[in-house]
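Asker: The following block contains the structure, expressed as structure tokens.
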Amino acid sequence: MVARGKMDRPPFDDPRIMRALRLATDSDNVVNTALRNLAVTGDHTHVSPIHPEWKDLGAFPTDIDAAKALLAEAGYPDGIDLDMAVKTQPALELYAAQVMVEDWAKAGIRVNINVMPESLFWDRWTDHPFSLTPWAHRPLAPMVLSLAYRSGAPWNESSFSNAEFDDLLTRIAGTVDPDERIEICGRLMEIMREVGPIAQPAFMQVAAAYNERVEGFEMHPTQCVFFDELAVRT
């Protein structure tokens with residue numbers, strides 16, 4: 001799940017606002033309190049540790065004082081008031097939003113949660129000024145980054161546009177060497193942390209139930225089941 005601002009509209013047209021939100025996000029608190037440890041900590045890049053191109057940039061710090069300073073630089077010395085659209089289902093999204101809002105308030109970022117039915121949320125999901133949006137897994141990091149953050153992409157809900165980011169996406173698409181892909185992706189991740197449109201506290205785990213007689217089953221991040229790999233013990 002990503003909390004994203006619409007980067008072509010105020011106040012999110014100033015990247016310091018989203019960076020302040022990232023700095024005020026306590027990812028461990030979201031994972032432990034809202035998601036009951038059924039998640040791994042995110043680093044605000046939308047690139048998962050299970051992606052082959054993921055680069056370890058280290059944990060993103062929670063720094064309330066730095067967040068307040070950024071808001072003051074951006075013209076909000078007394079804090080800022082925002083509305084965030086959140087779906088009613090699944091409930092864990094609302095729980096996560098509530099924990100984030102409590103942490104953001106420590107930096108003077110006062111967020112009202114606009115809870116709406118799922119159908120209404122998705123009816124205009126790319127147009128919300130500020131929202132908490134769930135994204136499904138894609139096998140490769142450039143796939144999700146191209147879908148969600150390339151300039152002009154249909155699913156670019158944040159209207160994020162960055163020339164270096166676009167150039168790197170084109171470059172990684174034509175790169176075969178795995179180590180070079182990791183380095184390119186590392187820079188993409190750095191851009192997301194520096195000027196990106198999201199605050200992303202966690203990657204949710206996926207789970208399934210199966211009978212102990214089933215052999216060869218492993219949970220896949222897309223929740224696909226590969227029956228050609230399974231057997232039933234008699």
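As shown in the structure tokens, the chain order sets the letters A, B, ...; within each chain, residues go from 1, and ligands are also counted from 1 in the order they appear.
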Considering only strand (DSSP E or B) as DSSP defines it on the backbone, what residues of chain A qualify? List them as number ranges by chain.

Answerer: A: 2-5, 39-41, 80-87, 109-116, 130-133, 198-199, 202-204, 214-215, 231-232

Asker: Which residues are near segment 97-104 of chain A? Cut-off 7 Å, only C-alpha atoms, ignore same chain within fewer than 2 positions. Put them as a ChimeraX atom specification.

Answerer: /A:21,24-26,30,34,93-95,106-111

Asker: Considering only C-alpha atoms, can you say which of A:Thr88, A:Thr41, A:Ser161, A:Ser27 comes closest to Phe121 of chain A?

Answerer: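 Checking each of A:Thr88, A:Thr41, A:Ser161, A:Ser27 against Phe121 of chain A, counting only C-alpha atoms, the winner is A:Thr88.
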
Asker: Can you list every residue in segment 66-215 of chain A that DSSP puts in helix (DSSP H, G or I), as a VMD selection string?

Answerer: chain A and resid 66 to 73 91 to 105 118 to 123 141 to 149 163 to 173 178 to 195

Asker: With only C-alpha atoms counted and 12 Å as the cut-off, give the residues of segment 46-118 of chain A in contact with segment 180-197 of chain A, each with its shortest interatomic distance in Å and the pair that gives it, as JSON lines.

Answerer:
```
{"residue": "A:His46", "atom": "CA", "partner": "A:Met189", "partner_atom": "CA", "distance": 8.0}
{"residue": "A:Val47", "atom": "CA", "partner": "A:Met189", "partner_atom": "CA", "distance": 7.2}
{"residue": "A:Ser48", "atom": "CA", "partner": "A:Met189", "partner_atom": "CA", "distance": 10.4}
{"residue": "A:Pro49", "atom": "CA", "partner": "A:Ile182", "partner_atom": "CA", "distance": 11.5}
{"residue": "A:His51", "atom": "CA", "partner": "A:Ile182", "partner_atom": "CA", "distance": 9.8}
{"residue": "A:Pro52", "atom": "CA", "partner": "A:Ile182", "partner_atom": "CA", "distance": 7.6}
{"residue": "A:Glu53", "atom": "CA", "partner": "A:Ile182", "partner_atom": "CA", "distance": 4.5}
{"residue": "A:Trp54", "atom": "CA", "partner": "A:Ile182", "partner_atom": "CA", "distance": 6.1}
{"residue": "A:Lys55", "atom": "CA", "partner": "A:Gly186", "partner_atom": "CA", "distance": 5.3}
{"residue": "A:Asp56", "atom": "CA", "partner": "A:Gly186", "partner_atom": "CA", "distance": 7.9}
{"residue": "A:Leu57", "atom": "CA", "partner": "A:Gly186", "partner_atom": "CA", "distance": 7.5}
{"residue": "A:Gly58", "atom": "CA", "partner": "A:Glu190", "partner_atom": "CA", "distance": 10.9}
{"residue": "A:Ala59", "atom": "CA", "partner": "A:Arg193", "partner_atom": "CA", "distance": 11.0}
{"residue": "A:Phe60", "atom": "CA", "partner": "A:Arg193", "partner_atom": "CA", "distance": 8.3}
{"residue": "A:Pro61", "atom": "CA", "partner": "A:Arg193", "partner_atom": "CA", "distance": 10.9}
```

Asker: Please provide as number ranges by chain all residues within 12 Å of Gly216 of chain A, with the sequence filter that same-chain residues fewer than 4 positions apart are discarded (counting only C-alpha atoms).

Answerer: A: 210-212, 225-233

Asker: Grab the residues selected above and save them as a compact mmCIF listing (two decimals), in the first residue's frame with N, CA, C and O atoms.

Answerer:
```txt
# COMPACT_ATOMS: atom_id res chain seq x y z
N TYR A 210 -3.66 -24.87 3.19
CA TYR A 210 -3.70 -26.06 2.36
C TYR A 210 -3.60 -27.30 3.23
O TYR A 210 -3.08 -27.25 4.35
N ASN A 211 -4.09 -28.41 2.72
CA ASN A 211 -4.09 -29.66 3.46
C ASN A 211 -2.68 -30.22 3.56
O ASN A 211 -1.90 -30.12 2.61
N GLU A 212 -2.36 -30.80 4.71
CA GLU A 212 -1.01 -31.32 4.92
C GLU A 212 -0.66 -32.46 3.96
O GLU A 212 0.50 -32.82 3.81
N VAL A 225 -1.39 -20.50 -8.13
CA VAL A 225 -1.16 -21.88 -7.73
C VAL A 225 -0.73 -22.66 -8.96
O VAL A 225 -1.42 -22.65 -9.98
N PHE A 226 0.42 -23.34 -8.88
CA PHE A 226 0.97 -24.08 -10.00
C PHE A 226 0.72 -25.58 -9.76
O PHE A 226 1.48 -26.27 -9.08
N PHE A 227 -0.38 -26.07 -10.33
CA PHE A 227 -0.81 -27.42 -10.04
C PHE A 227 0.14 -28.46 -10.61
O PHE A 227 0.17 -29.59 -10.12
N ASP A 228 0.93 -28.10 -11.61
CA ASP A 228 1.87 -29.08 -12.18
C ASP A 228 3.01 -29.39 -11.21
O ASP A 228 3.76 -30.35 -11.43
N GLU A 229 3.13 -28.60 -10.14
CA GLU A 229 4.18 -28.82 -9.16
C GLU A 229 3.66 -29.53 -7.90
O GLU A 229 4.42 -29.76 -6.96
N LEU A 230 2.38 -29.85 -7.88
CA LEU A 230 1.77 -30.40 -6.67
C LEU A 230 1.52 -31.90 -6.79
O LEU A 230 1.37 -32.45 -7.88
N ALA A 231 1.47 -32.53 -5.64
CA ALA A 231 1.08 -33.92 -5.54
C ALA A 231 0.27 -34.10 -4.26
O ALA A 231 0.38 -33.28 -3.34
N VAL A 232 -0.55 -35.14 -4.24
CA VAL A 232 -1.35 -35.44 -3.06
C VAL A 232 -0.88 -36.77 -2.48
O VAL A 232 -0.88 -37.79 -3.16
N ARG A 233 -0.46 -36.74 -1.24
CA ARG A 233 0.03 -37.94 -0.57
C ARG A 233 -1.15 -38.78 -0.11
O ARG A 233 -2.09 -38.27 0.52
```

Asker: For segment 146-156 of chain A, list every protein, DNA or RNA residue within 10 Å, evaluated using only C-alpha atoms, and leave out those in the same chain fewer than 4 positions away; present the list as a compact mmCIF listing (two decimals) with all heavy atoms, in the first residue's frame.

Answerer:
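Contents of selection09.txt, freshly written:
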```txt
# COMPACT_ATOMS: atom_id res chain seq x y z
N LYS A 6 -0.98 13.78 -5.28
CA LYS A 6 -1.09 14.15 -6.70
C LYS A 6 -0.07 15.25 -6.96
O LYS A 6 -0.25 16.40 -6.57
CB LYS A 6 -2.51 14.63 -6.98
CG LYS A 6 -2.89 14.61 -8.46
CD LYS A 6 -3.15 13.21 -8.96
CE LYS A 6 -3.77 13.25 -10.36
NZ LYS A 6 -3.78 11.91 -10.99
N HIS A 46 8.62 1.50 -3.46
CA HIS A 46 7.74 0.60 -4.22
C HIS A 46 8.54 -0.50 -4.93
O HIS A 46 8.06 -1.08 -5.90
CB HIS A 46 6.89 1.37 -5.23
CG HIS A 46 5.57 0.70 -5.51
ND1 HIS A 46 4.44 1.39 -5.88
CD2 HIS A 46 5.20 -0.61 -5.50
CE1 HIS A 46 3.43 0.56 -6.08
NE2 HIS A 46 3.87 -0.68 -5.85
N TRP A 125 -9.90 6.57 -8.80
CA TRP A 125 -8.70 6.34 -8.01
C TRP A 125 -7.50 7.14 -8.49
O TRP A 125 -6.63 7.50 -7.70
CB TRP A 125 -8.37 4.85 -7.94
CG TRP A 125 -7.86 4.25 -9.23
CD1 TRP A 125 -8.60 3.94 -10.32
CD2 TRP A 125 -6.51 3.90 -9.53
NE1 TRP A 125 -7.79 3.40 -11.29
CE2 TRP A 125 -6.50 3.36 -10.84
CE3 TRP A 125 -5.31 3.96 -8.83
CZ2 TRP A 125 -5.34 2.90 -11.46
CZ3 TRP A 125 -4.15 3.50 -9.44
CH2 TRP A 125 -4.17 2.98 -10.74
N THR A 126 -7.44 7.46 -9.78
CA THR A 126 -6.31 8.24 -10.28
C THR A 126 -6.50 9.74 -10.09
O THR A 126 -5.59 10.51 -10.41
CB THR A 126 -6.07 7.96 -11.78
OG1 THR A 126 -7.24 8.32 -12.52
CG2 THR A 126 -5.75 6.49 -12.01
N TRP A 135 -1.40 -1.87 -4.22
CA TRP A 135 -0.87 -2.32 -5.50
C TRP A 135 -0.54 -3.80 -5.41
O TRP A 135 0.06 -4.25 -4.43
CB TRP A 135 0.39 -1.54 -5.88
CG TRP A 135 0.10 -0.19 -6.47
CD1 TRP A 135 -0.19 0.96 -5.80
CD2 TRP A 135 0.08 0.15 -7.86
NE1 TRP A 135 -0.40 2.00 -6.67
CE2 TRP A 135 -0.24 1.53 -7.96
CE3 TRP A 135 0.30 -0.58 -9.03
CZ2 TRP A 135 -0.35 2.19 -9.17
CZ3 TRP A 135 0.19 0.08 -10.25
CH2 TRP A 135 -0.14 1.45 -10.31
N ARG A 138 4.19 -7.25 -8.98
CA ARG A 138 4.67 -7.51 -10.33
C ARG A 138 6.03 -8.20 -10.22
O ARG A 138 6.81 -7.89 -9.31
CB ARG A 138 4.81 -6.23 -11.14
CG ARG A 138 3.55 -5.87 -11.95
CD ARG A 138 2.45 -5.33 -11.07
NE ARG A 138 1.25 -4.98 -11.84
CZ ARG A 138 0.17 -4.46 -11.29
NH1 ARG A 138 0.13 -4.20 -9.99
NH2 ARG A 138 -0.88 -4.18 -12.04
N ALA A 141 10.85 -5.19 -10.73
CA ALA A 141 10.70 -3.82 -10.24
C ALA A 141 10.39 -2.82 -11.36
O ALA A 141 9.51 -1.96 -11.19
CB ALA A 141 11.97 -3.40 -9.49
N PRO A 142 11.08 -2.88 -12.53
CA PRO A 142 10.76 -1.90 -13.57
C PRO A 142 9.32 -1.99 -14.07
O PRO A 142 8.79 -1.00 -14.58
CB PRO A 142 11.75 -2.26 -14.70
CG PRO A 142 12.86 -2.98 -14.03
CD PRO A 142 12.23 -3.72 -12.90
N PHE A 160 3.29 11.74 -11.19
CA PHE A 160 4.73 11.95 -11.01
C PHE A 160 5.41 12.02 -12.37
O PHE A 160 5.10 11.26 -13.28
CB PHE A 160 5.31 10.79 -10.20
CG PHE A 160 6.79 10.87 -9.96
CD1 PHE A 160 7.32 11.87 -9.17
CD2 PHE A 160 7.64 9.91 -10.50
CE1 PHE A 160 8.70 11.93 -8.92
CE2 PHE A 160 9.01 9.96 -10.26
CZ PHE A 160 9.54 10.97 -9.47
N SER A 161 6.34 12.98 -12.51
CA SER A 161 7.07 13.14 -13.76
C SER A 161 8.49 13.59 -13.45
O SER A 161 8.70 14.64 -12.86
CB SER A 161 6.37 14.16 -14.67
OG SER A 161 7.05 14.29 -15.90
N ASN A 162 9.45 12.76 -13.86
CA ASN A 162 10.85 13.05 -13.59
C ASN A 162 11.67 12.53 -14.76
O ASN A 162 11.65 11.33 -15.05
CB ASN A 162 11.28 12.40 -12.28
CG ASN A 162 12.73 12.69 -11.91
OD1 ASN A 162 13.64 12.10 -12.46
ND2 ASN A 162 12.91 13.58 -10.95
N ALA A 163 12.38 13.42 -15.46
CA ALA A 163 13.08 13.04 -16.68
C ALA A 163 14.15 11.99 -16.42
O ALA A 163 14.29 11.03 -17.20
CB ALA A 163 13.70 14.29 -17.31
N PHE A 165 14.24 9.79 -14.04
CA PHE A 165 13.54 8.56 -13.71
C PHE A 165 13.09 7.85 -14.99
O PHE A 165 13.30 6.64 -15.16
CB PHE A 165 12.34 8.89 -12.82
CG PHE A 165 11.70 7.71 -12.16
CD1 PHE A 165 12.16 7.25 -10.93
CD2 PHE A 165 10.62 7.08 -12.73
CE1 PHE A 165 11.56 6.18 -10.29
CE2 PHE A 165 10.01 5.99 -12.11
CZ PHE A 165 10.48 5.54 -10.89
N ASP A 166 12.48 8.60 -15.91
CA ASP A 166 12.02 8.02 -17.18
C ASP A 166 13.19 7.46 -17.98
O ASP A 166 13.09 6.37 -18.57
CB ASP A 166 11.29 9.07 -18.01
CG ASP A 166 9.97 9.51 -17.38
OD1 ASP A 166 9.47 8.81 -16.48
OD2 ASP A 166 9.45 10.56 -17.80
N ASP A 167 14.29 8.19 -18.03
CA ASP A 167 15.47 7.72 -18.78
C ASP A 167 16.02 6.43 -18.19
O ASP A 167 16.41 5.52 -18.92
CB ASP A 167 16.55 8.80 -18.79
CG ASP A 167 16.19 10.00 -19.65
OD1 ASP A 167 15.26 9.87 -20.48
OD2 ASP A 167 16.82 11.05 -19.50
N LEU A 169 14.31 4.18 -16.51
CA LEU A 169 13.38 3.10 -16.82
C LEU A 169 13.63 2.57 -18.23
O LEU A 169 13.58 1.35 -18.48
CB LEU A 169 11.94 3.58 -16.69
CG LEU A 169 11.39 3.75 -15.28
CD1 LEU A 169 10.00 4.37 -15.32
CD2 LEU A 169 11.34 2.41 -14.55
N THR A 170 13.89 3.46 -19.17
CA THR A 170 14.20 3.04 -20.54
C THR A 170 15.51 2.27 -20.57
O THR A 170 15.64 1.24 -21.25
CB THR A 170 14.27 4.26 -21.47
OG1 THR A 170 13.02 4.94 -21.45
CG2 THR A 170 14.61 3.84 -22.89
N ALA A 173 15.26 -1.28 -19.07
CA ALA A 173 14.50 -2.18 -19.94
C ALA A 173 15.40 -2.82 -21.00
O ALA A 173 15.10 -3.91 -21.49
CB ALA A 173 13.37 -1.42 -20.61
N MET A 192 12.97 7.90 -5.83
CA MET A 192 11.69 7.77 -5.13
C MET A 192 11.80 8.28 -3.70
O MET A 192 10.89 8.95 -3.19
CB MET A 192 11.25 6.30 -5.13
CG MET A 192 10.84 5.76 -6.49
SD MET A 192 9.30 6.51 -7.11
CE MET A 192 8.09 5.71 -6.06
N GLY A 196 10.12 11.44 -4.69
CA GLY A 196 9.01 10.63 -5.14
C GLY A 196 7.67 11.01 -4.53
O GLY A 196 7.59 11.80 -3.59
N PRO A 197 6.59 10.41 -5.07
CA PRO A 197 5.24 10.82 -4.69
C PRO A 197 4.58 9.97 -3.62
O PRO A 197 3.38 10.12 -3.38
CB PRO A 197 4.48 10.65 -6.02
CG PRO A 197 5.13 9.46 -6.65
CD PRO A 197 6.58 9.54 -6.26
```

Asker: What is the atom CA of Ala136 of chain A-atom CA of Asp14 of chain A distance in Å, reported with one decimal?

Answerer: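 Distance between the two atoms: 27.7 Å.
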
Asker: Check the smallest atom-to-atom distance from each of A:Glu118, A:Asp65, A:Glu157, A:Asp177 to Pro90 of chain A using only C-alpha atoms, then report the winner.

Answerer: A:Glu118

Asker: Can you tell me how far atom CA of His128 of chain A sits from atom CA of Asp8 of chain A, in Å to one decimal?

Answerer: 11.7 Å

Asker: Work out how far apart atom CA of Lys87 of chain A and atom CA of Arg19 of chain A are and give it in Å to one decimal.

Answerer: 23.5 Å

Asker: I need the residue nearest Asp83 of chain A from this list: A:Arg171, A:Arg16, A:Arg4, A:Arg213. Use only C-alpha atoms for the distance.

Answerer: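 Comparing A:Arg171, A:Arg16, A:Arg4, A:Arg213 against Asp83 of chain A, the winner is A:Arg4.
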